[in-house]
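Next comes final-v7.cif, a file with mmCIF, C-alpha atoms.
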```
data_upload
loop_
_atom_site.group_PDB
_atom_site.id
_atom_site.type_symbol
_atom_site.label_atom_id
_atom_site.label_comp_id
_atom_site.auth_asym_id
_atom_site.auth_seq_id
_atom_site.Cartn_x
_atom_site.Cartn_y
_atom_site.Cartn_z
ATOM 1 C CA MET U 1318 0.000 0.000 0.000
ATOM 2 C CA LEU U 1319 1.309 3.458 -0.865
ATOM 3 C CA LEU U 1320 0.358 6.551 1.143
ATOM 4 C CA SER U 1321 0.685 9.937 -0.445
ATOM 5 C CA SER U 1322 -2.361 12.171 -0.225
ATOM 6 C CA SER U 1323 -4.880 9.451 0.677
ATOM 7 C CA ILE U 1324 -6.556 9.110 4.075
ATOM 8 C CA ILE U 1325 -6.409 5.878 6.052
ATOM 9 C CA SER U 1326 -9.567 5.373 8.100
ATOM 10 C CA ASP U 1327 -8.110 2.810 10.531
ATOM 11 C CA ILE U 1328 -5.466 5.241 11.770
ATOM 12 C CA PHE U 1329 -6.201 8.231 13.964
ATOM 13 C CA ILE U 1330 -4.053 11.193 12.952
ATOM 14 C CA LEU U 1331 -3.811 14.107 15.340
ATOM 15 C CA VAL U 1332 -1.986 17.371 14.893
ATOM 16 C CA VAL U 1333 -1.033 19.027 18.175
ATOM 17 C CA GLU U 1334 0.899 22.092 19.210
ATOM 18 C CA LYS U 1335 4.168 20.434 20.290
ATOM 19 C CA THR U 1336 4.162 17.480 17.884
ATOM 20 C CA ASP U 1337 3.755 18.083 14.166
ATOM 21 C CA LEU U 1338 2.021 14.762 13.449
ATOM 22 C CA MET U 1339 1.334 11.677 15.513
ATOM 23 C CA ILE U 1340 -0.452 8.449 14.752
ATOM 24 C CA ILE U 1341 -2.143 6.452 17.490
ATOM 25 C CA CYS U 1342 -3.210 2.940 16.517
ATOM 26 C CA ASP U 1343 -4.841 1.966 19.815
ATOM 27 C CA LYS U 1344 -8.222 3.732 20.204
ATOM 28 C CA ASP U 1345 -8.140 3.015 23.952
ATOM 29 C CA LYS U 1346 -5.265 5.503 24.361
ATOM 30 C CA LEU U 1347 -7.577 8.337 23.314
ATOM 31 C CA ASP U 1348 -9.958 9.965 25.791
ATOM 32 C CA GLY U 1349 -11.290 12.754 23.565
ATOM 33 C CA LYS U 1350 -8.758 15.312 24.821
ATOM 34 C CA ARG U 1351 -5.360 13.633 24.639
ATOM 35 C CA CYS U 1352 -3.371 10.490 24.018
ATOM 36 C CA ASN U 1353 -2.770 8.567 27.231
ATOM 37 C CA GLY U 1354 0.480 6.774 26.518
ATOM 38 C CA ALA U 1355 2.965 6.995 23.705
ATOM 39 C CA PRO U 1356 1.800 7.481 20.119
ATOM 40 C CA ASP U 1357 2.883 4.734 17.746
ATOM 41 C CA PHE U 1358 4.358 6.970 15.061
ATOM 42 C CA ILE U 1359 5.508 10.595 15.131
ATOM 43 C CA ILE U 1360 6.628 12.870 12.310
ATOM 44 C CA GLU U 1361 8.356 16.165 13.089
ATOM 45 C CA ILE U 1362 9.189 18.884 10.571
ATOM 46 C CA VAL U 1363 12.592 20.355 11.412
ATOM 47 C CA SER U 1364 12.417 23.841 12.840
ATOM 48 C CA PRO U 1365 14.944 26.059 11.023
ATOM 49 C CA SER U 1366 15.518 28.053 14.198
ATOM 50 C CA ASN U 1367 16.271 25.013 16.388
ATOM 51 C CA PRO U 1368 17.004 21.799 14.435
ATOM 52 C CA SER U 1369 18.783 20.144 17.364
ATOM 53 C CA ASP U 1370 15.432 20.043 19.155
ATOM 54 C CA ASP U 1371 14.088 17.532 16.613
ATOM 55 C CA TYR U 1372 17.339 15.638 15.976
ATOM 56 C CA ILE U 1373 18.507 15.294 19.602
ATOM 57 C CA ARG U 1374 16.052 16.233 22.346
ATOM 58 C CA LYS U 1375 12.871 14.851 20.778
ATOM 59 C CA LEU U 1376 14.669 11.734 19.510
ATOM 60 C CA TYR U 1377 15.761 10.947 23.069
ATOM 61 C CA TYR U 1378 12.363 11.814 24.546
ATOM 62 C CA TYR U 1379 10.299 9.805 22.033
ATOM 63 C CA LYS U 1380 12.546 6.745 22.228
ATOM 64 C CA ASN U 1381 12.338 6.668 26.019
ATOM 65 C CA ALA U 1382 8.597 7.396 26.057
ATOM 66 C CA GLY U 1383 7.807 4.255 24.021
ATOM 67 C CA VAL U 1384 7.129 5.738 20.578
ATOM 68 C CA ARG U 1385 7.578 2.941 18.049
ATOM 69 C CA GLU U 1386 8.741 5.012 15.070
ATOM 70 C CA TYR U 1387 9.885 8.635 14.678
ATOM 71 C CA TRP U 1388 10.569 10.456 11.414
ATOM 72 C CA ILE U 1389 12.343 13.780 11.089
ATOM 73 C CA VAL U 1390 11.459 15.657 7.896
ATOM 74 C CA ASP U 1391 14.005 18.315 6.947
ATOM 75 C CA PRO U 1392 12.710 20.525 4.083
ATOM 76 C CA ARG U 1393 15.953 22.539 3.912
ATOM 77 C CA ARG U 1394 18.088 19.414 3.318
ATOM 78 C CA LYS U 1395 15.245 17.584 1.494
ATOM 79 C CA MET U 1396 15.841 14.557 3.710
ATOM 80 C CA VAL U 1397 13.751 12.279 5.918
ATOM 81 C CA THR U 1398 15.474 10.605 8.847
ATOM 82 C CA VAL U 1399 13.746 7.416 9.999
ATOM 83 C CA ASN U 1400 14.114 6.105 13.529
ATOM 84 C CA TYR U 1401 12.396 2.744 14.020
ATOM 85 C CA PHE U 1402 12.957 2.075 17.696
ATOM 86 C CA GLU U 1403 11.379 -1.406 17.774
ATOM 87 C CA GLY U 1404 13.833 -2.613 15.121
ATOM 88 C CA ASN U 1405 16.826 -0.712 16.552
ATOM 89 C CA MET U 1406 17.120 1.194 13.276
ATOM 90 C CA LEU U 1407 18.322 4.721 13.986
ATOM 91 C CA ASN U 1408 19.119 7.655 11.702
ATOM 92 C CA ILE U 1409 18.343 5.984 8.371
ATOM 93 C CA GLN U 1410 18.234 8.833 5.839
ATOM 94 C CA TYR U 1411 16.154 9.070 2.664
ATOM 95 C CA SER U 1412 15.901 11.808 0.061
ATOM 96 C CA PHE U 1413 12.585 13.461 -0.767
ATOM 97 C CA ASP U 1414 12.317 11.446 -3.988
ATOM 98 C CA ALA U 1415 12.030 8.135 -2.094
ATOM 99 C CA ALA U 1416 9.062 5.957 -1.201
ATOM 100 C CA ILE U 1417 9.745 5.224 2.477
ATOM 101 C CA LYS U 1418 8.427 2.213 4.369
ATOM 102 C CA VAL U 1419 6.496 2.903 7.548
ATOM 103 C CA ASN U 1420 8.083 0.138 9.589
ATOM 104 C CA ILE U 1421 5.304 -0.323 12.143
ATOM 105 C CA TYR U 1422 3.067 -1.544 9.296
ATOM 106 C CA LYS U 1423 3.666 -4.534 7.082
ATOM 107 C CA ASP U 1424 3.071 -2.929 3.688
ATOM 108 C CA LEU U 1425 2.694 0.841 4.066
ATOM 109 C CA PHE U 1426 4.948 3.307 2.242
ATOM 110 C CA MET U 1427 4.904 7.110 2.072
ATOM 111 C CA ASN U 1428 5.872 8.438 -1.319
ATOM 112 C CA PHE U 1429 7.687 11.678 -0.574
ATOM 113 C CA SER U 1430 8.035 12.411 -4.272
ATOM 114 C CA ASP U 1431 4.228 12.734 -4.481
ATOM 115 C CA ILE U 1432 4.068 14.761 -1.268
ATOM 116 C CA THR U 1433 6.737 17.232 -2.386
ATOM 117 C CA LYS U 1434 4.922 17.725 -5.706
ATOM 118 C CA LEU U 1435 1.679 18.471 -3.855
ATOM 119 C CA LEU U 1436 3.436 20.961 -1.561
ATOM 120 C CA ASP U 1437 5.627 22.366 -4.325
ATOM 121 C CA ILE U 1438 8.824 21.819 -2.336
#
```

Write-out of the structure in structure tokens:
Amino acid sequence: MLLSSSIISDIFILVVEKTDLMIICDKDKLDGKRCNGAPDFIIEIVSPSNPSDDYIRKLYYYKNAGVREYWIVDPRRKMVTVNYFEGNMLNIQYSFDAAIKVNIYKDLFMNFSDITKLLDI
């Protein structure tokens, strides 16, 4: 399965103030106001003013909090850094023209080439 601009109904996607995007697969973690427990998958867009926050502080925090997979999207470098904590895969880098496997799912890929075309990056 390839994910670009399509919506997946079995996944709950929330956008919050401190996290750019998080996916929670377990409905029981949601109480209508927040996620109680670690999200399964988090994507952060690198802040140009403080990139170390995403690459260092949040990486450490999310790994220790029990997040299963964490991606860092860097528009300036046109790179995606994948951290799949369950598989001990850290800092695997992909260019924006790649279709990247979401490791917590068996057959899900995000096609960043399609996404960058949609966003005109």

- Task: For each of U:Phe1429, U:Ile1373, U:Ile1389, U:Asp1357, take the minimum atom-to-atom distance to Glu1403 in chain U, counting all atoms listed in the file, then give the residue where this is smallest.
- Result: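 Under the stated criterion, the closest residue is U:Asp1357.
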
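Of the listed residues U:Tyr1387, U:Phe1413, U:Phe1358, U:Tyr1378, the one whose atoms come nearest to Asp1437 in chain U is U:Phe1413, with distances taken using all atoms listed in the file.
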
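Proximity of U:Pro1368, U:Val1384, U:Ser1430, U:Lys1375 to Ala1355 in chain U, computed with only C-alpha atoms, is greatest for U:Val1384.
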
- How many Å lie between CA of Leu1435 in chain U and CA of Phe1402 in chain U, rounded to one decimal? 29.3 Å

- What is the distance, in Å and to one decimal place, between CA of Ser1366 in chain U and CA of Arg1393 in chain U?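 CA of Ser1366 in chain U sits 11.7 Å away from CA of Arg1393 in chain U.
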
- Query: What is the distance between CA of Met1427 in chain U and CA of Gln1410 in chain U, in Å to one decimal?
  - Reply: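 Calculated distance between CA of Met1427 in chain U and CA of Gln1410 in chain U is 14.0 Å.
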
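Checking U:Asp1370, U:Arg1385, U:Asp1414, U:Leu1376 one by one against Ile1341 in chain U, counting only C-alpha atoms, you find the shortest gap at U:Arg1385.
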
- Message: If we count all atoms listed in the file and set the cut-off at 7 Å, which residues sit around Asn1400 in chain U, ignoring sequence neighbours fewer than 6 positions away in its own chain? Please answer as a list in words.
- Response: Glu1386, Tyr1387, Trp1388, Met1406, Leu1407, Asn1408 and Ile1409 of chain U

Output of the above residues as a compact mmCIF listing (two decimals), in the frame of the given file, restricted to C-alpha atoms:
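What follows is the written file selection-v3.txt:
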```
# COMPACT_ATOMS: atom_id res chain seq x y z
CA GLU U 1386 8.74 5.01 15.07
CA TYR U 1387 9.88 8.64 14.68
CA TRP U 1388 10.57 10.46 11.41
CA MET U 1406 17.12 1.19 13.28
CA LEU U 1407 18.32 4.72 13.99
CA ASN U 1408 19.12 7.66 11.70
CA ILE U 1409 18.34 5.98 8.37
```

Find the smallest box with edges along x, y and z containing every listed atom of range 1420-1429 of chain U, then add 8 Å on each side and report centre and edge lengths in Å to one decimal, as JSON.
```
{"center_x": 5.4, "center_y": 3.6, "center_z": 5.4, "size_x": 21.4, "size_y": 32.2, "size_z": 29.5}
```

- Message: Expand the PyMOL selection byres ((chain U and resi 1415) around 12) into the explicit residue set it covers here, and present it as number ranges by chain.
- Response: U: 1319, 1321, 1395-1398, 1410-1414, 1416-1418, 1426-1433

Could you dump the residues just selected with C-alpha atoms as a short mmCIF file (atom, residue, chain, number, x, y, z; two decimals), in the coordinates of the input?
```cif
data_model
loop_
_atom_site.label_atom_id
_atom_site.label_comp_id
_atom_site.auth_asym_id
_atom_site.auth_seq_id
_atom_site.Cartn_x
_atom_site.Cartn_y
_atom_site.Cartn_z
CA LEU U 1319 1.31 3.46 -0.86
CA SER U 1321 0.68 9.94 -0.44
CA LYS U 1395 15.24 17.58 1.49
CA MET U 1396 15.84 14.56 3.71
CA VAL U 1397 13.75 12.28 5.92
CA THR U 1398 15.47 10.60 8.85
CA GLN U 1410 18.23 8.83 5.84
CA TYR U 1411 16.15 9.07 2.66
CA SER U 1412 15.90 11.81 0.06
CA PHE U 1413 12.58 13.46 -0.77
CA ASP U 1414 12.32 11.45 -3.99
CA ALA U 1416 9.06 5.96 -1.20
CA ILE U 1417 9.74 5.22 2.48
CA LYS U 1418 8.43 2.21 4.37
CA PHE U 1426 4.95 3.31 2.24
CA MET U 1427 4.90 7.11 2.07
CA ASN U 1428 5.87 8.44 -1.32
CA PHE U 1429 7.69 11.68 -0.57
CA SER U 1430 8.04 12.41 -4.27
CA ASP U 1431 4.23 12.73 -4.48
CA ILE U 1432 4.07 14.76 -1.27
CA THR U 1433 6.74 17.23 -2.39
#
```

- For each of U:Asn1405, U:Leu1436, U:Pro1392, U:Val1419, take the minimum atom-to-atom distance to Ile1340 in chain U, counting all atoms listed in the file, then give the residue where this is smallest.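 Among U:Asn1405, U:Leu1436, U:Pro1392, U:Val1419, it is U:Val1419 that comes nearest to Ile1340 in chain U.
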
- Tell me, as a count of residues only, which residues lie within 12 Å of Asn1353 in chain U, counting all atoms listed in the file; anything in the same chain fewer than 2 positions away does not count. 15

- Convert the output of the PyMOL selection byres ((chain U and resi 1362) around 8) on the shown file into explicit residues, formatted as a list in words.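 When the PyMOL selection byres ((chain U and resi 1362) around 8) is applied, the selected residues are Asp1337, Ile1360, Glu1361, Val1363, Ser1364, Asp1371, Ile1389, Val1390, Asp1391 and Pro1392 of chain U.
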
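Closest approach to Tyr1401 in chain U from the set U:Gly1354, U:Asn1367, U:Ile1421, U:Tyr1377 is made by U:Ile1421, with distances taken over only C-alpha atoms.
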
N, CA, C and O atoms restored at range 1348-1370 of chain U, emitted as a PDB file, in the coordinates of the input:
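Final file, out_34.pdb:
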```pdb
ATOM      1  N   ASP U1348      -8.826   9.686  24.905  1.00  0.00           N
ATOM      2  CA  ASP U1348      -9.958   9.965  25.791  1.00  0.00           C
ATOM      3  C   ASP U1348     -10.787  11.151  25.326  1.00  0.00           C
ATOM      4  O   ASP U1348     -11.609  11.669  26.059  1.00  0.00           O
ATOM      5  N   GLY U1349     -10.556  11.611  24.096  1.00  0.00           N
ATOM      6  CA  GLY U1349     -11.290  12.754  23.565  1.00  0.00           C
ATOM      7  C   GLY U1349     -10.551  14.063  23.726  1.00  0.00           C
ATOM      8  O   GLY U1349     -10.877  15.053  23.071  1.00  0.00           O
ATOM      9  N   LYS U1350      -9.535  14.103  24.596  1.00  0.00           N
ATOM     10  CA  LYS U1350      -8.758  15.312  24.821  1.00  0.00           C
ATOM     11  C   LYS U1350      -7.270  15.109  24.548  1.00  0.00           C
ATOM     12  O   LYS U1350      -6.573  16.038  24.193  1.00  0.00           O
ATOM     13  N   ARG U1351      -6.795  13.888  24.749  1.00  0.00           N
ATOM     14  CA  ARG U1351      -5.360  13.633  24.639  1.00  0.00           C
ATOM     15  C   ARG U1351      -5.099  12.159  24.396  1.00  0.00           C
ATOM     16  O   ARG U1351      -6.005  11.345  24.486  1.00  0.00           O
ATOM     17  N   CYS U1352      -3.836  11.872  24.133  1.00  0.00           N
ATOM     18  CA  CYS U1352      -3.371  10.490  24.018  1.00  0.00           C
ATOM     19  C   CYS U1352      -2.768  10.104  25.354  1.00  0.00           C
ATOM     20  O   CYS U1352      -1.862  10.765  25.853  1.00  0.00           O
ATOM     21  N   ASN U1353      -3.286   9.056  25.957  1.00  0.00           N
ATOM     22  CA  ASN U1353      -2.770   8.567  27.231  1.00  0.00           C
ATOM     23  C   ASN U1353      -1.811   7.417  26.947  1.00  0.00           C
ATOM     24  O   ASN U1353      -2.210   6.279  26.764  1.00  0.00           O
ATOM     25  N   GLY U1354      -0.546   7.733  26.897  1.00  0.00           N
ATOM     26  CA  GLY U1354       0.480   6.774  26.518  1.00  0.00           C
ATOM     27  C   GLY U1354       1.190   7.295  25.278  1.00  0.00           C
ATOM     28  O   GLY U1354       0.836   8.326  24.721  1.00  0.00           O
ATOM     29  N   ALA U1355       2.167   6.555  24.842  1.00  0.00           N
ATOM     30  CA  ALA U1355       2.965   6.995  23.705  1.00  0.00           C
ATOM     31  C   ALA U1355       2.237   6.762  22.394  1.00  0.00           C
ATOM     32  O   ALA U1355       1.632   5.705  22.200  1.00  0.00           O
ATOM     33  N   PRO U1356       2.300   7.728  21.473  1.00  0.00           N
ATOM     34  CA  PRO U1356       1.800   7.481  20.119  1.00  0.00           C
ATOM     35  C   PRO U1356       2.651   6.398  19.468  1.00  0.00           C
ATOM     36  O   PRO U1356       3.785   6.142  19.884  1.00  0.00           O
ATOM     37  N   ASP U1357       2.130   5.772  18.432  1.00  0.00           N
ATOM     38  CA  ASP U1357       2.883   4.734  17.746  1.00  0.00           C
ATOM     39  C   ASP U1357       3.904   5.320  16.780  1.00  0.00           C
ATOM     40  O   ASP U1357       4.996   4.775  16.613  1.00  0.00           O
ATOM     41  N   PHE U1358       3.543   6.424  16.138  1.00  0.00           N
ATOM     42  CA  PHE U1358       4.358   6.970  15.061  1.00  0.00           C
ATOM     43  C   PHE U1358       4.289   8.488  15.123  1.00  0.00           C
ATOM     44  O   PHE U1358       3.199   9.056  15.229  1.00  0.00           O
ATOM     45  N   ILE U1359       5.455   9.135  15.086  1.00  0.00           N
ATOM     46  CA  ILE U1359       5.508  10.595  15.131  1.00  0.00           C
ATOM     47  C   ILE U1359       6.344  11.097  13.967  1.00  0.00           C
ATOM     48  O   ILE U1359       7.392  10.520  13.657  1.00  0.00           O
ATOM     49  N   ILE U1360       5.863  12.171  13.343  1.00  0.00           N
ATOM     50  CA  ILE U1360       6.628  12.870  12.310  1.00  0.00           C
ATOM     51  C   ILE U1360       6.808  14.311  12.773  1.00  0.00           C
ATOM     52  O   ILE U1360       5.839  14.972  13.137  1.00  0.00           O
ATOM     53  N   GLU U1361       8.055  14.772  12.769  1.00  0.00           N
ATOM     54  CA  GLU U1361       8.356  16.165  13.089  1.00  0.00           C
ATOM     55  C   GLU U1361       8.975  16.820  11.868  1.00  0.00           C
ATOM     56  O   GLU U1361       9.790  16.221  11.168  1.00  0.00           O
ATOM     57  N   ILE U1362       8.586  18.061  11.610  1.00  0.00           N
ATOM     58  CA  ILE U1362       9.189  18.884  10.571  1.00  0.00           C
ATOM     59  C   ILE U1362      10.260  19.725  11.262  1.00  0.00           C
ATOM     60  O   ILE U1362       9.974  20.400  12.251  1.00  0.00           O
ATOM     61  N   VAL U1363      11.477  19.667  10.763  1.00  0.00           N
ATOM     62  CA  VAL U1363      12.592  20.355  11.412  1.00  0.00           C
ATOM     63  C   VAL U1363      12.343  21.855  11.467  1.00  0.00           C
ATOM     64  O   VAL U1363      12.006  22.481  10.461  1.00  0.00           O
ATOM     65  N   SER U1364      12.523  22.396  12.642  1.00  0.00           N
ATOM     66  CA  SER U1364      12.417  23.841  12.840  1.00  0.00           C
ATOM     67  C   SER U1364      13.730  24.483  12.419  1.00  0.00           C
ATOM     68  O   SER U1364      14.784  24.141  12.963  1.00  0.00           O
ATOM     69  N   PRO U1365      13.693  25.424  11.461  1.00  0.00           N
ATOM     70  CA  PRO U1365      14.944  26.059  11.023  1.00  0.00           C
ATOM     71  C   PRO U1365      15.660  26.803  12.154  1.00  0.00           C
ATOM     72  O   PRO U1365      16.875  26.908  12.156  1.00  0.00           O
ATOM     73  N   SER U1366      14.905  27.290  13.115  1.00  0.00           N
ATOM     74  CA  SER U1366      15.518  28.053  14.198  1.00  0.00           C
ATOM     75  C   SER U1366      16.138  27.169  15.277  1.00  0.00           C
ATOM     76  O   SER U1366      16.978  27.644  16.047  1.00  0.00           O
ATOM     77  N   ASN U1367      15.741  25.872  15.335  1.00  0.00           N
ATOM     78  CA  ASN U1367      16.271  25.013  16.388  1.00  0.00           C
ATOM     79  C   ASN U1367      16.251  23.546  15.945  1.00  0.00           C
ATOM     80  O   ASN U1367      15.539  22.725  16.520  1.00  0.00           O
ATOM     81  N   PRO U1368      17.045  23.172  14.933  1.00  0.00           N
ATOM     82  CA  PRO U1368      17.004  21.799  14.435  1.00  0.00           C
ATOM     83  C   PRO U1368      17.442  20.758  15.456  1.00  0.00           C
ATOM     84  O   PRO U1368      16.965  19.623  15.432  1.00  0.00           O
ATOM     85  N   SER U1369      18.323  21.125  16.374  1.00  0.00           N
ATOM     86  CA  SER U1369      18.783  20.144  17.364  1.00  0.00           C
ATOM     87  C   SER U1369      17.642  19.660  18.249  1.00  0.00           C
ATOM     88  O   SER U1369      17.704  18.557  18.791  1.00  0.00           O
ATOM     89  N   ASP U1370      16.593  20.455  18.369  1.00  0.00           N
ATOM     90  CA  ASP U1370      15.432  20.043  19.155  1.00  0.00           C
ATOM     91  C   ASP U1370      14.806  18.774  18.583  1.00  0.00           C
ATOM     92  O   ASP U1370      14.468  17.854  19.324  1.00  0.00           O
TER      93      ASP U1370
END
```
